[in-house]
$ cat coords35.cif   # mmCIF, C-alpha atoms and all ligand atoms
data_structure
loop_
_atom_site.label_atom_id
_atom_site.label_comp_id
_atom_site.auth_asym_id
_atom_site.auth_seq_id
_atom_site.Cartn_x
_atom_site.Cartn_y
_atom_site.Cartn_z
CA MET A 1 -10.44 -0.88 13.28
CA SER A 2 -10.66 -3.98 11.09
CA LYS A 3 -14.07 -5.22 10.06
CA ILE A 4 -13.38 -7.73 7.33
CA GLU A 5 -15.10 -10.97 7.97
CA LYS A 6 -16.01 -13.59 5.43
CA ARG A 7 -19.63 -14.29 6.32
CA TYR A 8 -20.25 -17.28 4.08
CA ASP A 9 -17.99 -19.93 2.61
CA TRP A 10 -19.07 -18.84 -0.85
CA MET A 11 -18.27 -15.20 -0.21
CA LEU A 12 -15.64 -13.46 -2.32
CA ASP A 13 -12.44 -12.77 -0.41
CA GLU A 14 -12.19 -9.00 -0.77
CA VAL A 15 -8.58 -8.86 0.33
CA LYS A 16 -7.46 -11.44 -2.23
CA SER A 17 -9.35 -9.54 -4.93
CA ALA A 18 -8.00 -6.14 -3.88
CA GLY A 19 -5.28 -6.10 -6.54
CA ARG A 20 -1.73 -7.34 -6.09
CA GLU A 21 -0.20 -3.89 -5.98
CA ASN A 22 -2.65 -2.55 -3.39
CA LEU A 23 -1.36 -5.06 -0.86
CA ASP A 24 2.27 -4.14 -1.52
CA ALA A 25 3.73 -1.72 1.04
CA ASN A 26 6.21 -0.35 -1.48
CA HIS A 27 3.41 0.46 -3.92
CA ALA A 28 1.37 2.08 -1.13
CA SER A 29 4.30 4.30 -0.18
CA GLN A 30 4.70 5.41 -3.83
CA TYR A 31 0.99 5.72 -4.63
CA ASP A 32 0.63 9.47 -4.11
CA PHE A 33 3.59 10.13 -6.38
CA LYS A 34 2.08 7.97 -9.12
CA GLU A 35 -1.54 9.01 -8.87
CA ASP A 36 -3.19 12.41 -8.74
CA ALA A 37 -6.81 11.83 -7.78
CA SER A 38 -7.90 15.33 -8.95
CA VAL A 39 -9.37 16.04 -5.55
CA MET A 40 -9.81 19.79 -5.99
CA GLU A 41 -12.01 19.29 -9.07
CA GLU A 42 -13.88 16.50 -7.29
CA LEU A 43 -14.43 18.66 -4.23
CA ALA A 44 -15.67 21.56 -6.34
CA LEU A 45 -18.13 19.24 -8.06
CA MET A 46 -19.38 17.84 -4.78
CA LYS A 47 -19.84 21.32 -3.33
CA ARG A 48 -21.96 22.20 -6.38
CA LEU A 49 -23.94 19.05 -5.62
CA GLY A 50 -24.63 20.17 -2.04
CA LEU A 51 -21.64 19.09 0.04
CA ASN A 52 -21.31 21.38 3.06
CA GLY A 53 -20.15 21.53 6.66
CA ARG A 54 -23.02 19.30 7.84
CA SER A 55 -22.40 16.55 5.26
CA GLU A 56 -21.35 13.03 6.17
CA VAL A 57 -19.30 11.19 3.57
CA VAL A 58 -18.11 7.62 3.11
CA ASP A 59 -15.06 7.18 0.86
CA ILE A 60 -14.93 3.52 -0.08
CA GLY A 61 -11.79 2.11 -1.61
CA ALA A 62 -10.19 5.22 -0.11
CA GLY A 63 -6.60 3.99 -0.56
CA THR A 64 -4.12 6.55 0.71
CA GLY A 65 -7.01 8.96 1.21
CA GLN A 66 -6.28 11.80 -1.19
CA PHE A 67 -10.02 12.48 -1.45
CA THR A 68 -10.70 11.61 2.21
CA LEU A 69 -8.35 14.29 3.49
CA ALA A 70 -9.56 16.92 1.05
CA VAL A 71 -13.23 16.37 1.84
CA ALA A 72 -12.60 16.17 5.60
CA SER A 73 -11.65 19.84 5.65
CA VAL A 74 -15.10 20.87 4.39
CA CYS A 75 -17.56 18.28 5.77
CA ALA A 76 -18.75 17.10 9.20
CA ARG A 77 -17.56 13.52 9.10
CA VAL A 78 -15.80 11.23 6.66
CA VAL A 79 -15.33 7.50 6.95
CA ALA A 80 -12.49 6.08 4.86
CA VAL A 81 -13.00 2.41 4.07
CA ASP A 82 -10.46 0.15 2.39
CA VAL A 83 -9.48 -3.52 2.56
CA SER A 84 -5.76 -2.87 2.23
CA PRO A 85 -3.84 -2.47 5.48
CA VAL A 86 -0.84 -0.97 3.73
CA MET A 87 -2.83 1.70 1.90
CA LEU A 88 -4.58 2.57 5.17
CA GLU A 89 -1.24 2.85 7.00
CA VAL A 90 -0.27 5.64 4.60
CA LEU A 91 -3.63 7.33 5.16
CA LYS A 92 -3.37 7.01 8.96
CA ALA A 93 0.08 8.62 8.92
CA LYS A 94 -1.31 11.54 6.93
CA ILE A 95 -4.23 11.93 9.35
CA SER A 96 -1.84 11.92 12.32
CA ALA A 97 0.20 14.65 10.68
CA SER A 98 -2.93 16.75 10.07
CA ARG A 99 -5.21 18.56 12.51
CA LEU A 100 -8.25 16.70 11.24
CA LEU A 101 -10.44 15.14 13.93
CA ASN A 102 -13.41 14.11 11.79
CA VAL A 103 -11.90 11.20 9.85
CA GLU A 104 -12.58 7.58 10.75
CA VAL A 105 -10.60 4.81 9.10
CA VAL A 106 -12.15 1.38 8.77
CA GLN A 107 -10.37 -1.61 7.29
CA SER A 108 -13.29 -3.18 5.48
CA GLY A 109 -14.72 -3.51 1.99
CA PHE A 110 -17.70 -2.98 -0.29
CA LEU A 111 -19.13 -6.34 0.75
CA THR A 112 -18.37 -6.14 4.46
CA TYR A 113 -18.43 -2.52 5.65
CA GLU A 114 -21.17 -1.88 8.23
CA HIS A 115 -21.98 1.80 8.46
CA GLN A 116 -22.47 3.21 11.96
CA GLY A 117 -24.47 6.35 12.74
CA ARG A 118 -26.84 8.20 10.46
CA GLN A 119 -26.86 7.40 6.77
CA ALA A 120 -24.28 9.27 4.72
CA ASP A 121 -25.14 12.20 2.45
CA PHE A 122 -22.48 11.17 -0.08
CA VAL A 123 -20.74 7.95 -0.95
CA TYR A 124 -17.54 8.45 -2.91
CA SER A 125 -15.62 5.75 -4.72
CA ARG A 126 -12.79 6.18 -7.19
CA TYR A 127 -10.90 3.43 -9.01
CA ALA A 128 -12.02 0.68 -6.62
CA LEU A 129 -15.26 -1.01 -7.71
CA HIS A 130 -13.48 -2.71 -10.64
CA HIS A 131 -11.80 -5.01 -8.12
CA LEU A 132 -15.08 -6.90 -7.87
CA PRO A 133 -16.48 -9.20 -10.58
CA ASP A 134 -19.86 -8.09 -11.93
CA PHE A 135 -22.05 -10.27 -9.69
CA TRP A 136 -20.29 -8.82 -6.66
CA LYS A 137 -20.47 -5.28 -8.05
CA VAL A 138 -24.27 -5.55 -7.88
CA LEU A 139 -24.19 -6.68 -4.26
CA ALA A 140 -21.69 -3.91 -3.48
CA LEU A 141 -23.87 -1.24 -5.12
CA GLN A 142 -26.91 -2.46 -3.21
CA ARG A 143 -24.91 -2.21 0.02
CA LEU A 144 -23.80 1.33 -0.92
CA ARG A 145 -27.47 2.21 -1.37
CA HIS A 146 -28.07 1.36 2.29
CA ILE A 147 -25.12 3.49 3.40
CA VAL A 148 -26.42 6.65 1.69
CA ARG A 149 -29.71 8.31 2.60
CA THR A 150 -32.54 8.62 0.10
CA GLY A 151 -31.81 11.76 -1.89
CA GLY A 152 -28.08 11.47 -1.18
CA LEU A 153 -25.48 10.94 -3.89
CA LEU A 154 -23.06 8.33 -5.11
CA ARG A 155 -19.99 9.65 -6.92
CA LEU A 156 -18.44 6.73 -8.76
CA TRP A 157 -15.37 7.14 -10.95
CA ASP A 158 -13.77 4.05 -12.36
CA VAL A 159 -12.13 2.30 -15.28
CA VAL A 160 -15.28 1.49 -17.28
CA TYR A 161 -15.15 0.50 -20.95
CA ASN A 162 -17.35 2.64 -23.15
CA PHE A 163 -16.81 1.21 -26.64
CA ASN A 164 -18.19 -1.43 -28.93
CA PRO A 165 -16.80 -4.85 -27.84
CA LEU A 166 -15.60 -5.34 -31.43
CA GLU A 167 -13.21 -2.43 -30.83
CA ALA A 168 -11.78 -3.93 -27.63
CA LYS A 169 -8.38 -4.94 -28.99
CA ASP A 170 -7.72 -1.60 -30.68
CA ARG A 171 -8.99 0.46 -27.75
CA LEU A 172 -7.08 -1.48 -25.11
CA ASP A 173 -3.88 -1.62 -27.21
CA ALA A 174 -4.13 2.14 -27.59
CA TRP A 175 -4.59 2.57 -23.83
CA CYS A 176 -1.56 0.38 -23.04
CA ALA A 177 0.51 2.33 -25.58
CA THR A 178 -0.04 5.53 -23.56
CA LEU A 179 2.51 4.39 -20.95
CA SER A 180 6.15 3.40 -21.07
CA ASP A 181 7.87 0.34 -19.60
CA ASN A 182 9.93 2.50 -17.25
CA PRO A 183 8.79 2.32 -13.59
CA GLU A 184 10.51 5.65 -12.94
CA ASP A 185 7.75 7.26 -15.04
CA GLY A 186 5.12 6.05 -12.53
CA TRP A 187 2.41 3.71 -13.82
CA THR A 188 3.68 1.43 -16.59
CA ARG A 189 2.29 -0.37 -19.59
CA ALA A 190 2.55 -3.59 -17.54
CA ASP A 191 0.26 -2.06 -14.90
CA LEU A 192 -2.40 -1.40 -17.52
CA GLU A 193 -2.00 -4.91 -18.99
CA GLU A 194 -2.39 -6.34 -15.49
CA HIS A 195 -5.50 -4.25 -14.93
CA ILE A 196 -7.14 -5.51 -18.12
CA ARG A 197 -6.11 -9.13 -17.54
CA ASP A 198 -6.59 -9.59 -13.80
CA GLU A 199 -9.14 -7.01 -12.65
CA HIS A 200 -12.82 -6.64 -13.48
CA SER A 201 -13.47 -3.43 -15.34
CA THR A 202 -16.70 -3.89 -17.24
CA PHE A 203 -18.62 -2.21 -20.05
CA ALA A 204 -20.64 0.93 -19.30
CA TRP A 205 -23.72 -0.78 -20.80
CA LEU A 206 -23.36 -3.50 -18.16
CA LEU A 207 -22.45 -1.29 -15.20
CA GLU A 208 -25.17 1.31 -15.70
CA PRO A 209 -28.12 -1.09 -15.27
CA MET A 210 -26.36 -2.42 -12.17
CA ILE A 211 -26.29 1.10 -10.71
CA GLU A 212 -29.93 1.78 -11.61
CA ARG A 213 -31.05 -1.66 -10.39
CA SER A 214 -29.52 -0.76 -7.01
CA SER A 215 -31.96 2.16 -6.59
CA PHE A 216 -29.65 4.90 -7.78
CA HIS A 217 -30.69 7.19 -10.61
CA ILE A 218 -27.74 8.21 -12.81
CA GLU A 219 -28.00 11.99 -13.10
CA ASN A 220 -24.77 12.58 -14.95
CA VAL A 221 -22.04 10.58 -16.63
CA VAL A 222 -18.82 11.73 -18.27
CA TYR A 223 -16.89 9.25 -20.40
CA SER A 224 -13.26 9.86 -21.28
CA PRO A 225 -12.78 10.27 -25.05
CA ASP A 226 -10.66 7.09 -25.22
CA GLY A 227 -13.59 5.04 -23.83
CA ILE A 228 -11.61 3.86 -20.77
CA PHE A 229 -12.96 5.87 -17.83
CA ALA A 230 -16.42 6.90 -16.63
CA ARG A 231 -17.47 9.30 -13.87
CA TYR A 232 -21.00 9.01 -12.53
CA VAL A 233 -23.18 11.08 -10.28
CA ALA A 234 -26.11 8.93 -9.15
CA ARG A 235 -28.88 9.87 -6.73
CA ALA A 236 -30.23 7.43 -4.18
CA ILE A 237 -33.97 7.00 -4.85
C1 LIG A 301 -6.36 2.42 -7.26
S1 LIG A 301 -6.68 2.51 -5.55
C2 LIG A 301 -7.72 3.96 -5.48
C3 LIG A 301 -7.54 4.72 -4.21
C4 LIG A 301 -8.28 6.07 -4.15
N1 LIG A 301 -9.71 5.89 -4.20
C5 LIG A 301 -7.83 6.98 -5.26
O1 LIG A 301 -8.64 7.32 -6.13
O2 LIG A 301 -6.65 7.36 -5.28
C6 LIG A 301 -7.87 1.21 -5.30
C7 LIG A 301 -8.18 0.97 -3.84
O3 LIG A 301 -9.32 0.10 -3.75
C8 LIG A 301 -9.12 -0.77 -2.66
N2 LIG A 301 -10.01 -1.93 -2.77
C9 LIG A 301 -9.88 -3.00 -3.56
N3 LIG A 301 -10.90 -3.86 -3.37
C10 LIG A 301 -11.69 -3.29 -2.43
C11 LIG A 301 -12.90 -3.70 -1.79
N4 LIG A 301 -13.50 -4.85 -2.10
N5 LIG A 301 -13.44 -2.89 -0.88
C12 LIG A 301 -12.84 -1.71 -0.56
N6 LIG A 301 -11.69 -1.27 -1.12
C13 LIG A 301 -11.13 -2.06 -2.05
C14 LIG A 301 -7.64 -1.09 -2.76
O4 LIG A 301 -7.12 -1.62 -1.56
C15 LIG A 301 -7.06 0.27 -3.11
O5 LIG A 301 -6.69 1.00 -1.96
#
$ encode --input "coords35.cif" --output "structure tokens"
Amino acid sequence: MSKIEKRYDWMLDEVKSAGRENLDANHASQYDFKEDASVMEELALMKRLGLNGRSEVVDIGAGTGQFTLAVASVCARVVAVDVSPVMLEVLKAKISASRLLNVEVVQSGFLTYEHQGRQADFVYSRYALHHLPDFWKVLALQRLRHIVRTGGLLRLWDVVYNFNPLEAKDRLDAWCATLSDNPEDGWTRADLEEHIRDEHSTFAWLLEPMIERSSFHIENVVYSPDGIFARYVARAI
């Protein structure tokens, strides 16, 4: 099911902003080899936060659905939302090969997804919100707030810069230096450079007021020691 429609002429094109590699079928087919989304740890966390067999979950920016498939085995319903047809093709193939009957796949985005049915108990999003510039992140977060019920949770994990802007060059150089130039190793230094240059990761001190302004209360945040990643648990209030 595809539900991407550009409602206004001034609206951001979510497909064009989805990231070059995410629209590349070759990248999509390699994604699960390159990326381990730590789904067992994420699932354990979400169970501690109340996820159970009655829970409804929306995974937005689901990609190839590593988290979608893991959570589907323990919850009532999961909707996987992504703008990229090629990422969703990989996910659909995995669903077909599984016995899971409680997964819905919707080709749509943060700014366009219309949730059907009762409000979700959890909204999950990993490594996707940074595809939107900050103005659009706020609109996206406000839309996520309508997807999740009051008292429900947003789990947001993304590339979020948690350092003094004066340290930006040193911190980002150090991040890029963690990877090689060899594509056979998986992600490359060029991928990180492209992320910094062309995508919209923002500072934690900018993102956090956006989350709170969207009627979520941040209950927990874990920053990576290098200041490059942040993982939030935020409750819908
Ligand atoms: C790096 S992948 C992350 C996939 C998965 N969440 C994971 O952690 O492995 C980023 C995903 O975000 C999707 N994406 C980019 N912009 C989006 C938008 N505006 N709405 C929904 N998904 C988007 C991309 O198509 C891609 O599948």
$ atom_distance --input "coords35.cif" --atom1 "CA of Ser17 (chain A)" --atom2 "CA of Phe67 (chain A)"
22.3 Å
$ closest_residue --input "coords35.cif" --among "A:Thr202, A:Asn162, A:Ser180, A:Ser73" --to "Ile95 (chain A)" --atoms "only C-alpha atoms"
A:Ser73
$ residues_near_point --input "coords35.cif" --point "(-7.1, 11.3, 1.5)" --cutoff "10 Å" --atoms "only C-alpha atoms" --output "NGL selection string"
:A and (32 or 37 or 39 or 59 or 62-72 or 80 or 88 or 90-92 or 94-95 or 103)
$ closest_atom_pairs --input "coords35.cif" --of "chain A" --to "ligand LIG 301 (chain A)" --cutoff "6 Å" --atoms "only C-alpha atoms and all ligand atoms" --output "tab-separated table"
residue	atom	partner	partner_atom	distance
A:Glu14	CA	A:LIG301	N4	4.6
A:Ala18	CA	A:LIG301	C9	3.7
A:Asn22	CA	A:LIG301	O4	4.9
A:Ala37	CA	A:LIG301	O2	5.1
A:Ile60	CA	A:LIG301	C12	5.7
A:Gly61	CA	A:LIG301	N6	3.4
A:Ala62	CA	A:LIG301	N1	4.2
A:Gly63	CA	A:LIG301	O5	3.3
A:Asp82	CA	A:LIG301	N6	4.0
A:Val83	CA	A:LIG301	N6	4.8
A:Ser84	CA	A:LIG301	O4	4.2
A:Met87	CA	A:LIG301	O5	5.5
A:Gly109	CA	A:LIG301	N5	3.2
A:Phe110	CA	A:LIG301	N5	4.3
A:Ser125	CA	A:LIG301	N1	5.9
A:Arg126	CA	A:LIG301	N1	4.3
A:Tyr127	CA	A:LIG301	C2	4.8
A:Ala128	CA	A:LIG301	O3	4.0
A:His131	CA	A:LIG301	N3	5.0
$ residues_near_point --input "coords35.cif" --point "(-21.6, 9.2, -6.1)" --cutoff "7 Å" --atoms "only C-alpha atoms" --output "list of chain:residue names"
A:Phe122, A:Val123, A:Tyr124, A:Leu153, A:Leu154, A:Arg155, A:Leu156, A:Tyr232, A:Val233, A:Ala234
$ atom_distance --input "coords35.cif" --atom1 "CA of Met210 (chain A)" --atom2 "CA of Val148 (chain A)"
16.6 Å
$ closest_residue --input "coords35.cif" --among "A:Ala230, A:Trp10, A:Leu207, A:Lys47" --to "Asp134 (chain A)" --atoms "all atoms listed in the file"
A:Leu207
$ closest_residue --input "coords35.cif" --among "A:Leu43, A:Val15, A:Val81, A:Ile228" --to "Asn164 (chain A)" --atoms "only C-alpha atoms"
A:Ile228
$ atom_distance --input "coords35.cif" --atom1 "CA of Leu51 (chain A)" --atom2 "CA of Ser38 (chain A)"
16.8 Å
$ residues_around --input "coords35.cif" --residues "Pro133 (chain A)" --least-positions-apart "6" --cutoff "9 Å" --atoms "all atoms listed in the file" --output "PDB file with C-alpha atoms, in the frame of the given file"
ATOM      1  CA  GLU A 199      -9.140  -7.010 -12.650  1.00  0.00           C
ATOM      2  CA  HIS A 200     -12.820  -6.640 -13.480  1.00  0.00           C
ATOM      3  CA  SER A 201     -13.470  -3.430 -15.340  1.00  0.00           C
ATOM      4  CA  THR A 202     -16.700  -3.890 -17.240  1.00  0.00           C
TER       5      THR A 202
END
$ residues_around --input "coords35.cif" --residues "Ala190 (chain A)" --least-positions-apart "4" --cutoff "8 Å" --atoms "all atoms listed in the file" --output "list in words"
Cys176, Asp181 and Glu194 of chain A
$ residues_around --input "coords35.cif" --residues "Thr112 (chain A)" --least-positions-apart "4" --cutoff "12 Å" --atoms "all atoms listed in the file" --output "list in words"
Ser2, Lys3, Ile4, Glu5, Lys6, Arg7, Tyr8, Met11, Leu12, Asp13, Glu14, Val15, Ile60, Val81, Asp82, Val83, Val106, Gln107, Ser108, Trp136, Leu139, Ala140, Arg143, Leu144 and Ile147 of chain A
$ write_last_selection --input "coords35.cif" --atoms "C-alpha atoms" --output "CSV table (one decimal), in the frame of the given file"
chain,number,residue,atom,x,y,z
A,2,SER,CA,-10.7,-4.0,11.1
A,3,LYS,CA,-14.1,-5.2,10.1
A,4,ILE,CA,-13.4,-7.7,7.3
A,5,GLU,CA,-15.1,-11.0,8.0
A,6,LYS,CA,-16.0,-13.6,5.4
A,7,ARG,CA,-19.6,-14.3,6.3
A,8,TYR,CA,-20.2,-17.3,4.1
A,11,MET,CA,-18.3,-15.2,-0.2
A,12,LEU,CA,-15.6,-13.5,-2.3
A,13,ASP,CA,-12.4,-12.8,-0.4
A,14,GLU,CA,-12.2,-9.0,-0.8
A,15,VAL,CA,-8.6,-8.9,0.3
A,60,ILE,CA,-14.9,3.5,-0.1
A,81,VAL,CA,-13.0,2.4,4.1
A,82,ASP,CA,-10.5,0.2,2.4
A,83,VAL,CA,-9.5,-3.5,2.6
A,106,VAL,CA,-12.2,1.4,8.8
A,107,GLN,CA,-10.4,-1.6,7.3
A,108,SER,CA,-13.3,-3.2,5.5
A,136,TRP,CA,-20.3,-8.8,-6.7
A,139,LEU,CA,-24.2,-6.7,-4.3
A,140,ALA,CA,-21.7,-3.9,-3.5
A,143,ARG,CA,-24.9,-2.2,0.0
A,144,LEU,CA,-23.8,1.3,-0.9
A,147,ILE,CA,-25.1,3.5,3.4
$ closest_residue --input "coords35.cif" --among "A:Val160, A:Ile211, A:Leu23, A:Leu172" --to "Phe229 (chain A)" --atoms "all atoms listed in the file"
A:Val160
$ closest_atom_pairs --input "coords35.cif" --of "region 79-177 of chain A" --to "region 215-227 of chain A" --cutoff "7 Å" --atoms "all atoms listed in the file" --output "CSV"
residue,atom,partner,partner_atom,distance
A:Arg145,CA,A:Ser215,CA,6.9
A:Tyr161,CA,A:Gly227,CA,5.6
A:Asn162,CA,A:Gly227,CA,4.5
A:Phe163,CA,A:Gly227,CA,5.7
$ closest_residue --input "coords35.cif" --among "A:Arg213, A:His130, A:His115, A:Lys34" --to "Arg197 (chain A)" --atoms "only C-alpha atoms"
A:His130
$ closest_residue --input "coords35.cif" --among "A:Leu45, A:Leu192, A:Ala28, A:Val58" --to "Pro85 (chain A)" --atoms "only C-alpha atoms"
A:Ala28
